[in-house]
Protein chains: 2
Amino acid sequence: MLVADRLSPTSYVVLGTIALRGPSTSYDLKRAVGRSIGYFWHFPHAQLYSEPQRLVELGLLDAETEAQGRRRRTFRLTDAGLDELRAWLAEPTPEHFQMRDIAELKLFFNEVGEPGDVARLAREQVAAHRERIAVYEDMQARYADLDAVAKRMITLRLGLEMEHAALRFWSALLDEVG
Amino acid sequence: MLVADRLSPTSYVVLGTIALRGPSTSYDLKRAVGRSIGYFWHFPHAQLYSEPQRLVELGLLDAETEAQGRRRRTFRLTDAGLDELRAWLAEPTPEHFQMRDIAELKLFFNEVGEPGDVARLAREQVAAHRERIAVYEDMQARYADLDAVAKRMITLRLGLEMEHAALRFWSALLDEVG
DNA sequence: CGCATACGATCCGTTTCGGACGGTATGGCA
DNA sequence: TGCCATACCGTCCGAAACGGATCGTATGCG
């Protein structure tokens with residue numbers, strides 16, 4: 001069995017984050033993911049504890065446990081791990097993105113609800129997307145000139161495009177239904 | 001324990017789809033979801049067989065089994081089920097939408113890859129989003145004047161906004177690195 | 001009549017999920 | 001110095017989600 005067959009997107013998040021930050025504990029990963037990828041890829045933290053262990057067993061990471069104190073486990077990329085990550089970056093991406101938007105679901109079923117529901121929903125969504133846009137713009141402003149992270153920050157532009165698209169849609173809908 | 005606490009978005013997809021189409025078998029649900037919600041909310045078909053049964057136990061659906069032949073089970077909404085659905089439609093939606101976009105993940109980690117990777121990725125994504133836009137536009141054209149489904153088709157507009165946003169982003173990126 | 005194909009349903013092992021919990025270090029204050 | 005509050009850090013576990021494999025049933029066609 002190919003190693004790559006045993007890997008999920010989660011695996012690559014772990015490999016990639018360690019590649020970017022250097023040797024990391026699970027807690028480091030948790031915080032790093034929370035501040036970055038977490039915004040566009042939902043992630044239960046428990047995975048950041050189990051997944052690295054799996055990757056060690058597959059030979060893509062190795063681990064070192066602190067001698068005393070908390071006995072934190074620090075994971076670092078092996079050569080095989082880096083190769084695997086690079087291969088993944090180079091290969092085609094057949095899956096289309098997936099969305100999970102409760103609001104869109106509610107909108108789809110709006111016929112069943114009360115007349116006012118759609119307007120309330122739209123108002124809420126407008127507010128939520130505005131808020132998120134503010135967060136992204138703030139991040140962009142704070143990191144814009146840090147060369148070290150500039151290349152990662154490009155995903156923020158995609159996030160902003162998406163948020164603006166959603167905002168446009170819900171605003172227009174709100175105009176229509178009042 | 002409140003009934004609503006035992007419900008997931010999946011539950012509302014089932015309740016909502018039955019509300020829109022009337023009494024349905026699991027297979028009906030599977031096809032209906034595949035043609036509509038499936039485009040913006042990923043769904044393993046097995047759930048459409050287990051979830052209705054759960055909802056029967058919660059009193060939100062009731063079921064009738066064909067006497068002979070395939071003994072299909074047809075599910076219909078109970079009053080409690082309709083109330084539950086309506087309550088959900090009326091209540092606030094605190095969660096922000098979630099995306100899962102492998103391409104965005106790869107872009108975030110692009111520093112680790114080869115220089116050409118980003119351009120290849122962008123080219124792929126441009127093609128994929130163009131294709132999806134064509135599908136949506138086709139659906140829109142075909143159903144535009146069917147009053148029966150017009151209200152649901154509004155979610156298509158949101159889907160199109162999202163796809164165009166993604167397309168804009170990847171096209172611009174391609175211009176920059178391509 | 002027999003076979004190919006689409007229809008319809010279920011099973012089951014694996015992975016994900018997320019919330020709850022429990023232990024550990026640190027700094028401040030009494 | 002000892003205690004407490006708080007942040008830090010890690011794990012567990014039941015419940016869903018997942019998806020692929022499988023299996024019976026009807027239908028149409030040669």
# chains A, B, ... in the order shown; residues from 1 in each chain; ligands from 1

call {"tool": "select_by_dssp", "arguments": {"residues": "range 65-119 of chain B", "states": "helix (DSSP H, G or I)", "output": "ChimeraX atom specification"}}
result
/B:79-90,102-108,110-112,116-119

call {"tool": "calpha_fit_and_write", "arguments": {"fixed": "chain B", "moving": "chain A", "output": "JSON list (two decimals) with C-alpha atoms, in the first residue's frame"}}
result
[["chain", "number", "residue", "atom", "x", "y", "z"],
["A", 1, "MET", "CA", -33.59, 16.34, 26.45],
["A", 2, "LEU", "CA", -34.95, 18.62, 23.76],
["A", 3, "VAL", "CA", -35.61, 16.98, 20.42],
["A", 4, "ALA", "CA", -33.78, 19.80, 18.66],
["A", 5, "ASP", "CA", -30.57, 18.87, 20.49],
["A", 6, "ARG", "CA", -30.55, 15.54, 18.75],
["A", 7, "LEU", "CA", -30.77, 17.06, 15.30],
["A", 8, "SER", "CA", -27.95, 17.93, 12.93],
["A", 9, "PRO", "CA", -28.00, 19.83, 9.66],
["A", 10, "THR", "CA", -28.47, 16.44, 8.03],
["A", 11, "SER", "CA", -31.72, 16.04, 9.89],
["A", 12, "TYR", "CA", -33.03, 19.29, 8.52],
["A", 13, "VAL", "CA", -32.00, 18.36, 5.02],
["A", 14, "VAL", "CA", -34.19, 15.29, 5.33],
["A", 15, "LEU", "CA", -37.09, 17.14, 6.95],
["A", 16, "GLY", "CA", -36.84, 19.97, 4.46],
["A", 17, "THR", "CA", -36.63, 17.79, 1.40],
["A", 18, "ILE", "CA", -39.66, 15.80, 2.47],
["A", 19, "ALA", "CA", -41.48, 19.06, 3.18],
["A", 20, "LEU", "CA", -40.77, 20.25, -0.35],
["A", 21, "ARG", "CA", -41.44, 17.02, -2.25],
["A", 22, "GLY", "CA", -44.01, 15.31, -0.09],
["A", 23, "PRO", "CA", -43.78, 11.70, 1.10],
["A", 24, "SER", "CA", -40.50, 10.16, -0.04],
["A", 25, "THR", "CA", -38.45, 7.02, 0.16],
["A", 26, "SER", "CA", -34.77, 7.13, 1.01],
["A", 27, "TYR", "CA", -33.97, 6.66, -2.64],
["A", 28, "ASP", "CA", -36.16, 9.60, -3.58],
["A", 29, "LEU", "CA", -34.27, 11.68, -1.07],
["A", 30, "LYS", "CA", -30.97, 10.53, -2.43],
["A", 31, "ARG", "CA", -31.87, 11.57, -5.94],
["A", 32, "ALA", "CA", -33.49, 14.83, -4.91],
["A", 33, "VAL", "CA", -30.50, 15.80, -2.80],
["A", 34, "GLY", "CA", -28.11, 14.80, -5.55],
["A", 35, "ARG", "CA", -29.81, 17.17, -7.96],
["A", 36, "SER", "CA", -30.05, 20.12, -5.61],
["A", 37, "ILE", "CA", -28.49, 20.48, -2.21],
["A", 38, "GLY", "CA", -25.73, 18.10, -3.18],
["A", 39, "TYR", "CA", -24.16, 20.92, -5.16],
["A", 40, "PHE", "CA", -23.51, 23.01, -2.11],
["A", 41, "TRP", "CA", -23.59, 20.57, 0.77],
["A", 42, "HIS", "CA", -21.68, 17.36, 0.51],
["A", 43, "PHE", "CA", -23.64, 14.33, 1.52],
["A", 44, "PRO", "CA", -22.85, 10.64, 1.87],
["A", 45, "HIS", "CA", -25.85, 8.69, 0.65],
["A", 46, "ALA", "CA", -25.82, 6.16, 3.47],
["A", 47, "GLN", "CA", -27.07, 8.91, 5.75],
["A", 48, "LEU", "CA", -30.24, 9.26, 3.76],
["A", 49, "TYR", "CA", -31.07, 5.70, 4.81],
["A", 50, "SER", "CA", -30.24, 5.91, 8.49],
["A", 51, "GLU", "CA", -31.31, 9.46, 9.25],
["A", 52, "PRO", "CA", -35.02, 9.13, 8.37],
["A", 53, "GLN", "CA", -35.24, 6.15, 10.69],
["A", 54, "ARG", "CA", -33.81, 8.23, 13.52],
["A", 55, "LEU", "CA", -36.33, 10.95, 12.77],
["A", 56, "VAL", "CA", -39.15, 8.45, 12.96],
["A", 57, "GLU", "CA", -37.98, 7.49, 16.43],
["A", 58, "LEU", "CA", -37.99, 11.15, 17.40],
["A", 59, "GLY", "CA", -41.54, 11.50, 16.14],
["A", 60, "LEU", "CA", -40.70, 13.96, 13.38],
["A", 61, "LEU", "CA", -41.49, 11.58, 10.54],
["A", 62, "ASP", "CA", -43.69, 8.58, 10.17],
["A", 63, "ALA", "CA", -43.09, 5.68, 7.87],
["A", 64, "GLU", "CA", -45.15, 3.27, 5.86],
["A", 65, "THR", "CA", -43.75, 0.12, 4.33],
["A", 66, "GLU", "CA", -45.04, -1.18, 1.01],
["A", 67, "ALA", "CA", -46.99, -4.40, 1.51],
["A", 68, "GLN", "CA", -45.29, -6.42, -1.18],
["A", 69, "GLY", "CA", -42.51, -6.22, -3.75],
["A", 70, "ARG", "CA", -39.57, -4.14, -2.69],
["A", 71, "ARG", "CA", -41.18, -3.15, 0.55],
["A", 72, "ARG", "CA", -39.96, 0.41, 0.17],
["A", 73, "ARG", "CA", -40.37, 2.61, 3.18],
["A", 74, "THR", "CA", -42.08, 5.90, 2.49],
["A", 75, "PHE", "CA", -41.54, 8.68, 4.99],
["A", 76, "ARG", "CA", -43.83, 11.59, 5.59],
["A", 77, "LEU", "CA", -43.64, 14.64, 7.81],
["A", 78, "THR", "CA", -45.56, 14.63, 11.08],
["A", 79, "ASP", "CA", -46.94, 17.82, 12.57],
["A", 80, "ALA", "CA", -44.10, 17.79, 15.05],
["A", 81, "GLY", "CA", -41.67, 17.44, 12.17],
["A", 82, "LEU", "CA", -43.07, 20.43, 10.36],
["A", 83, "ASP", "CA", -42.99, 22.49, 13.54],
["A", 84, "GLU", "CA", -39.41, 21.55, 14.16],
["A", 85, "LEU", "CA", -38.42, 22.52, 10.64],
["A", 86, "ARG", "CA", -40.23, 25.84, 10.88],
["A", 87, "ALA", "CA", -38.65, 26.61, 14.23],
["A", 88, "TRP", "CA", -35.24, 25.94, 12.76],
["A", 89, "LEU", "CA", -35.95, 28.22, 9.80],
["A", 90, "ALA", "CA", -36.96, 30.98, 12.17],
["A", 91, "GLU", "CA", -34.07, 30.73, 14.59],
["A", 92, "PRO", "CA", -30.73, 32.55, 14.29],
["A", 93, "THR", "CA", -27.82, 30.92, 12.50],
["A", 94, "PRO", "CA", -24.72, 31.47, 14.57],
["A", 95, "GLU", "CA", -22.26, 29.33, 12.60],
["A", 96, "HIS", "CA", -20.22, 30.91, 9.87],
["A", 97, "PHE", "CA", -20.02, 28.92, 6.67],
["A", 98, "GLN", "CA", -17.25, 26.39, 6.39],
["A", 99, "MET", "CA", -15.15, 25.83, 3.34],
["A", 100, "ARG", "CA", -13.04, 22.86, 2.52],
["A", 101, "ASP", "CA", -10.88, 23.65, -0.43],
["A", 102, "ILE", "CA", -7.88, 21.45, -1.09],
["A", 103, "ALA", "CA", -6.63, 23.99, -3.60],
["A", 104, "GLU", "CA", -6.58, 26.70, -0.95],
["A", 105, "LEU", "CA", -4.63, 24.39, 1.31],
["A", 106, "LYS", "CA", -2.06, 23.76, -1.39],
["A", 107, "LEU", "CA", -1.81, 27.45, -2.02],
["A", 108, "PHE", "CA", -1.16, 28.10, 1.64],
["A", 109, "PHE", "CA", 1.77, 25.71, 1.59],
["A", 110, "ASN", "CA", 3.07, 26.82, -1.80],
["A", 111, "GLU", "CA", 6.41, 27.98, -0.36],
["A", 112, "VAL", "CA", 7.37, 24.37, 0.13],
["A", 113, "GLY", "CA", 6.70, 23.30, -3.44],
["A", 114, "GLU", "CA", 8.30, 23.89, -6.83],
["A", 115, "PRO", "CA", 7.97, 27.27, -8.52],
["A", 116, "GLY", "CA", 5.66, 25.92, -11.24],
["A", 117, "ASP", "CA", 3.15, 24.37, -8.85],
["A", 118, "VAL", "CA", 1.13, 27.49, -8.22],
["A", 119, "ALA", "CA", 0.62, 28.23, -11.88],
["A", 120, "ARG", "CA", -0.48, 24.67, -12.56],
["A", 121, "LEU", "CA", -2.85, 24.79, -9.62],
["A", 122, "ALA", "CA", -4.30, 28.10, -10.74],
["A", 123, "ARG", "CA", -4.84, 26.87, -14.28],
["A", 124, "GLU", "CA", -6.65, 23.81, -12.99],
["A", 125, "GLN", "CA", -8.84, 25.85, -10.71],
["A", 126, "VAL", "CA", -9.76, 28.31, -13.40],
["A", 127, "ALA", "CA", -10.93, 25.43, -15.57],
["A", 128, "ALA", "CA", -12.80, 23.75, -12.73],
["A", 129, "HIS", "CA", -14.68, 26.87, -11.68],
["A", 130, "ARG", "CA", -15.53, 27.75, -15.29],
["A", 131, "GLU", "CA", -17.00, 24.31, -15.69],
["A", 132, "ARG", "CA", -19.05, 24.58, -12.55],
["A", 133, "ILE", "CA", -20.32, 28.00, -13.60],
["A", 134, "ALA", "CA", -21.48, 26.49, -16.87],
["A", 135, "VAL", "CA", -23.38, 23.79, -14.98],
["A", 136, "TYR", "CA", -25.09, 26.33, -12.75],
["A", 137, "GLU", "CA", -25.99, 28.60, -15.63],
["A", 138, "ASP", "CA", -27.46, 25.68, -17.46],
["A", 139, "MET", "CA", -29.58, 24.76, -14.45],
["A", 140, "GLN", "CA", -30.65, 28.36, -14.12],
["A", 141, "ALA", "CA", -31.69, 28.51, -17.75],
["A", 142, "ARG", "CA", -33.62, 25.26, -17.58],
["A", 143, "TYR", "CA", -35.56, 26.04, -14.43],
["A", 144, "ALA", "CA", -35.79, 29.82, -14.58],
["A", 145, "ASP", "CA", -39.45, 29.91, -15.46],
["A", 146, "LEU", "CA", -40.73, 26.97, -13.46],
["A", 147, "ASP", "CA", -42.64, 28.74, -10.75],
["A", 148, "ALA", "CA", -42.69, 25.56, -8.70],
["A", 149, "VAL", "CA", -38.97, 25.66, -8.04],
["A", 150, "ALA", "CA", -38.16, 29.33, -8.51],
["A", 151, "LYS", "CA", -37.82, 29.98, -4.80],
["A", 152, "ARG", "CA", -35.25, 27.25, -4.38],
["A", 153, "MET", "CA", -33.28, 28.36, -7.38],
["A", 154, "ILE", "CA", -32.19, 31.46, -5.53],
["A", 155, "THR", "CA", -29.45, 29.46, -3.89],
["A", 156, "LEU", "CA", -28.03, 29.04, -7.35],
["A", 157, "ARG", "CA", -27.32, 32.76, -7.39],
["A", 158, "LEU", "CA", -25.27, 32.39, -4.25],
["A", 159, "GLY", "CA", -23.45, 29.45, -5.76],
["A", 160, "LEU", "CA", -22.70, 31.48, -8.85],
["A", 161, "GLU", "CA", -21.42, 34.42, -6.82],
["A", 162, "MET", "CA", -19.05, 32.08, -4.99],
["A", 163, "GLU", "CA", -17.85, 30.43, -8.15],
["A", 164, "HIS", "CA", -17.24, 33.77, -9.83],
["A", 165, "ALA", "CA", -15.33, 34.97, -6.79],
["A", 166, "ALA", "CA", -13.11, 31.92, -6.88],
["A", 167, "LEU", "CA", -12.66, 32.24, -10.62],
["A", 168, "ARG", "CA", -11.66, 35.89, -10.28],
["A", 169, "PHE", "CA", -9.12, 35.02, -7.64],
["A", 170, "TRP", "CA", -7.48, 32.17, -9.50],
["A", 171, "SER", "CA", -7.48, 34.06, -12.79],
["A", 172, "ALA", "CA", -5.78, 37.04, -11.19],
["A", 173, "LEU", "CA", -3.24, 34.75, -9.57],
["A", 174, "LEU", "CA", -2.58, 33.08, -12.88],
["A", 175, "ASP", "CA", -1.94, 36.46, -14.47],
["A", 176, "GLU", "CA", 0.58, 37.24, -11.76],
["A", 177, "VAL", "CA", 2.55, 34.01, -11.77],
["A", 178, "GLY", "CA", 2.12, 33.12, -15.41]]

call {"tool": "closest_atom_pairs", "arguments": {"of": "chain C", "to": "chain A", "cutoff": "7 Å", "atoms": "only C-alpha atoms (C1' of nucleotides)", "output": "tab-separated table"}}
result
residue	atom	partner	partner_atom	distance
C:DC17	C1'	A:Pro44	CA	6.7
C:DG18	C1'	A:Pro44	CA	6.6
C:DT24	C1'	A:Arg70	CA	7.0

call {"tool": "residues_around", "arguments": {"residues": "DT26 in chain C", "least_positions_apart": "5", "cutoff": "12 Å", "atoms": "only C-alpha atoms (C1' of nucleotides)", "output": "number ranges by chain"}}
result
D: 4-8

call {"tool": "residues_around", "arguments": {"residues": "DT27 in chain D", "least_positions_apart": "4", "cutoff": "10 Å", "atoms": "only C-alpha atoms (C1' of nucleotides)", "output": "list in words"}}
result
DT5, DA6 and DC7 of chain C

call {"tool": "write_last_selection", "arguments": {"atoms": "N, CA, C and O atoms (P, O5', C5', C4', C3', O3' and C1' of nucleotides)", "output": "short mmCIF file (atom, residue, chain, number, x, y, z; two decimals), in the first residue's frame"}}
result
data_model
loop_
_atom_site.label_atom_id
_atom_site.label_comp_id
_atom_site.auth_asym_id
_atom_site.auth_seq_id
_atom_site.Cartn_x
_atom_site.Cartn_y
_atom_site.Cartn_z
P DT C 5 -24.78 -4.58 -19.73
"O5'" DT C 5 -25.83 -3.58 -19.06
"C5'" DT C 5 -27.05 -3.31 -19.71
"C4'" DT C 5 -28.00 -2.64 -18.73
"C3'" DT C 5 -27.31 -1.72 -17.73
"O3'" DT C 5 -28.00 -0.48 -17.72
"C1'" DT C 5 -28.77 -3.18 -16.63
P DA C 6 -27.30 0.88 -17.19
"O5'" DA C 6 -28.42 1.54 -16.28
"C5'" DA C 6 -29.74 1.69 -16.78
"C4'" DA C 6 -30.71 1.38 -15.67
"C3'" DA C 6 -30.57 2.33 -14.45
"O3'" DA C 6 -31.84 2.91 -14.23
"C1'" DA C 6 -30.69 0.07 -13.77
P DC C 7 -32.09 3.99 -13.11
"O5'" DC C 7 -32.75 3.11 -11.95
"C5'" DC C 7 -33.88 2.30 -12.25
"C4'" DC C 7 -34.26 1.53 -11.01
"C3'" DC C 7 -34.34 2.37 -9.73
"O3'" DC C 7 -35.61 2.14 -9.16
"C1'" DC C 7 -33.08 0.40 -9.36
#

call {"tool": "select_by_dssp", "arguments": {"residues": "range 56-124 of chain A", "states": "strand (DSSP E)", "output": "PDB file with C-alpha atoms, in the first residue's frame"}}
result
ATOM      1  CA  LEU A  61       7.697  12.699  10.852  1.00  0.00           C
ATOM      2  CA  ASP A  62       9.953  11.842  13.707  1.00  0.00           C
ATOM      3  CA  ALA A  63       9.378  12.708  17.312  1.00  0.00           C
ATOM      4  CA  GLU A  64      11.451  13.596  20.310  1.00  0.00           C
ATOM      5  CA  THR A  65      10.085  13.630  23.826  1.00  0.00           C
ATOM      6  CA  ARG A  73       6.628  15.620  22.088  1.00  0.00           C
ATOM      7  CA  THR A  74       8.256  17.662  19.365  1.00  0.00           C
ATOM      8  CA  PHE A  75       7.695  16.536  15.799  1.00  0.00           C
ATOM      9  CA  ARG A  76       9.934  17.264  12.884  1.00  0.00           C
ATOM     10  CA  LEU A  77       9.717  16.502   9.182  1.00  0.00           C
ATOM     11  CA  GLN A  98     -16.952  21.966  -0.582  1.00  0.00           C
ATOM     12  CA  MET A  99     -19.102  24.444   1.232  1.00  0.00           C
ATOM     13  CA  ARG A 100     -21.162  23.902   4.294  1.00  0.00           C
TER      14      ARG A 100
END

call {"tool": "interface_residues", "arguments": {"of": "chain D", "to": "chain A", "cutoff": "10 Å", "atoms": "only C-alpha atoms (C1' of nucleotides)", "output": "ChimeraX atom specification"}}
result
/D:8-12

call {"tool": "atom_distance", "arguments": {"atom1": "C1' of DG28 in chain D", "atom2": "C1' of DA9 in chain C"}}
result
21.9 Å

call {"tool": "atom_distance", "arguments": {"atom1": "C1' of DG23 in chain C", "atom2": "C1' of DT1 in chain D"}}
result
23.7 Å
